[in-house]
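Engineer: Attaching a single structure in structure tokens format; questions to follow.
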Amino acid sequence: MSTENIEKGIESLKVEETTTTTTPVAPAKPTIELSERNKERLELIKQVGEEIVSEESLIRLLNGKEKLRCYDGFEPSGRMHIAQGILKSINVNRMTKAGCTFIFWVADWFAMLNNKMNGDLNKIRKVGQYMIEIWKATGMDMENVEFLWSSDEINKNPNDYWLRVMDIARKFNVPRIKKCSQIMGRNEEDDLMCAQLLYPCMQCADIFYLKADICQLGMDQRKVNMLAIEYCDKVKIKNKPIIVSHHMLSGLKEGQEKMSKSDPESAIFMEDSEAEVNTKIKKAYCPPGIVEKNPILDYTKNIVFQKLPSLTLNIKDKGDVTYNCYQDLEDDYKAEKIHPSELKPVIAKAINAMLQPVRDHFANNAEAAALLKTVRSYTVTR
């Protein structure tokens, strides 16, 4: 094309100036149609995700694929609390009902990198076996659940895995990787070992190695999941993973954003006795009329009402009052129509009922009982 023709083309694009200014309106995005089945699948997944990145991409995925691969990784790092046990089983059942095969990535090598069980791989694998035993007893639907040990699976195809890890490490600088330190229970300011800088690169690589459509981890794992999306942009991967991040249950003490295995008084463990649960709930932070950062309200909303259709409380001067939804209970608590001493025993009773099948499993299965005894003898390391 000649210079003269180019100039004419540019000239034709010019718009005469006018005194009227209009704000450009972005065209509305076309609505993506969903079948009734896919609407049900979407609703199930939205019940799991406190945050979804992104819902539009999830809708497109549901329309394009009936059977999805969904994963969560966990470090075998000590006894299991109800956030990993009860809440996880609720979420897994919803994801599998939505058409997902749920892959538990038993991250034994990751636990070693993060110095769990003092880096003793034999102890770490024992803890992993104990955690699988608990999930089997929680009412989790195992038909579409797979447990894969990271060390075994990586060794099946080490070339693909480590090339991906190295490529991720080449694409990001150290400050960006350190931003992911929360995934290990660390802070950016911590004196991290070199192994703990490798850890986020490996966790990011897991997503691609497992061919996961959906990353279904907690909000505390968000930064490394977003790293995976950034990596897709860098290497031009079109089909990015969908991030479905579930809520983090708070610890029992004031100001604890999540339960901690290294602080036994901050967590309810899956094989705690009825008396231990009652004591922990009774001592838990639960200020009258305060909803924000109240662990008892948190468990009421995110565990109890997810498993039970209603709760009946014995309220002073009113007698038995039945709540058929969480919001009504929260409103009355906020208005101080419910006292903590009226709510706590009911929540303790509900949680104890959920834990009883796990207690029974470890009491009646000799192999499981021996496993629990071994894990209890280990010192939990941060």
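Residue numbering restarts at 1 for every chain of the structure tokens, chains are lettered A, B, ... in their displayed order, and ligands are numbered from 1 as they appear.
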Excluding Ala335 of chain A and residues on its chain fewer than 4 positions from it, collect all residues at most 9 Å away from it, counting only C-alpha atoms, and give them as a PyMOL selection string.

Structural biologist: chain A and resi 289+330-331

Engineer: As JSON, numbers by chain, please: the residues near Gln84 of chain A (cut-off 12 Å, only C-alpha atoms, same-chain neighbours under 5 positions excluded).

Structural biologist: {"A": [72, 73, 74, 75, 76, 77, 78, 79, 89, 90, 91, 92, 104, 131, 132, 134, 135, 138, 217, 218, 246, 247, 248, 249, 258, 259, 260, 261, 267, 268, 269, 270, 303]}

Engineer: Quick one: residues within 8 Å of Ser150 of chain A, only C-alpha atoms, excluding same-chain residues fewer than 4 positions away - as a VMD selection string?

Structural biologist: chain A and resid 105 to 109 154

Engineer: Determine the nearest neighbour of Asp360 of chain A from the options A:Asp160, A:Asp233, A:Glu143, A:Glu271, counting only C-alpha atoms.

Structural biologist: A:Glu271

Engineer: List every residue of segment 254-346 of chain A that DSSP, applied to the backbone, labels as strand (DSSP E), and write the result as a count of residues only.

Structural biologist: 10

Engineer: Mind pulling up the distance from atom CA of Thr374 of chain A to atom CA of Phe362 of chain A?

Structural biologist: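 Separation of atom CA of Phe362 of chain A and atom CA of Thr374 of chain A: 12.4 Å.
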
Engineer: Calculated over only C-alpha atoms, which of the candidates A:Gly251, A:Leu297, A:Ala137, A:Asp220 has the smallest distance to Ile86 of chain A?

Structural biologist: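 Of the candidates, the smallest distance to Ile86 of chain A is held by A:Ala137.
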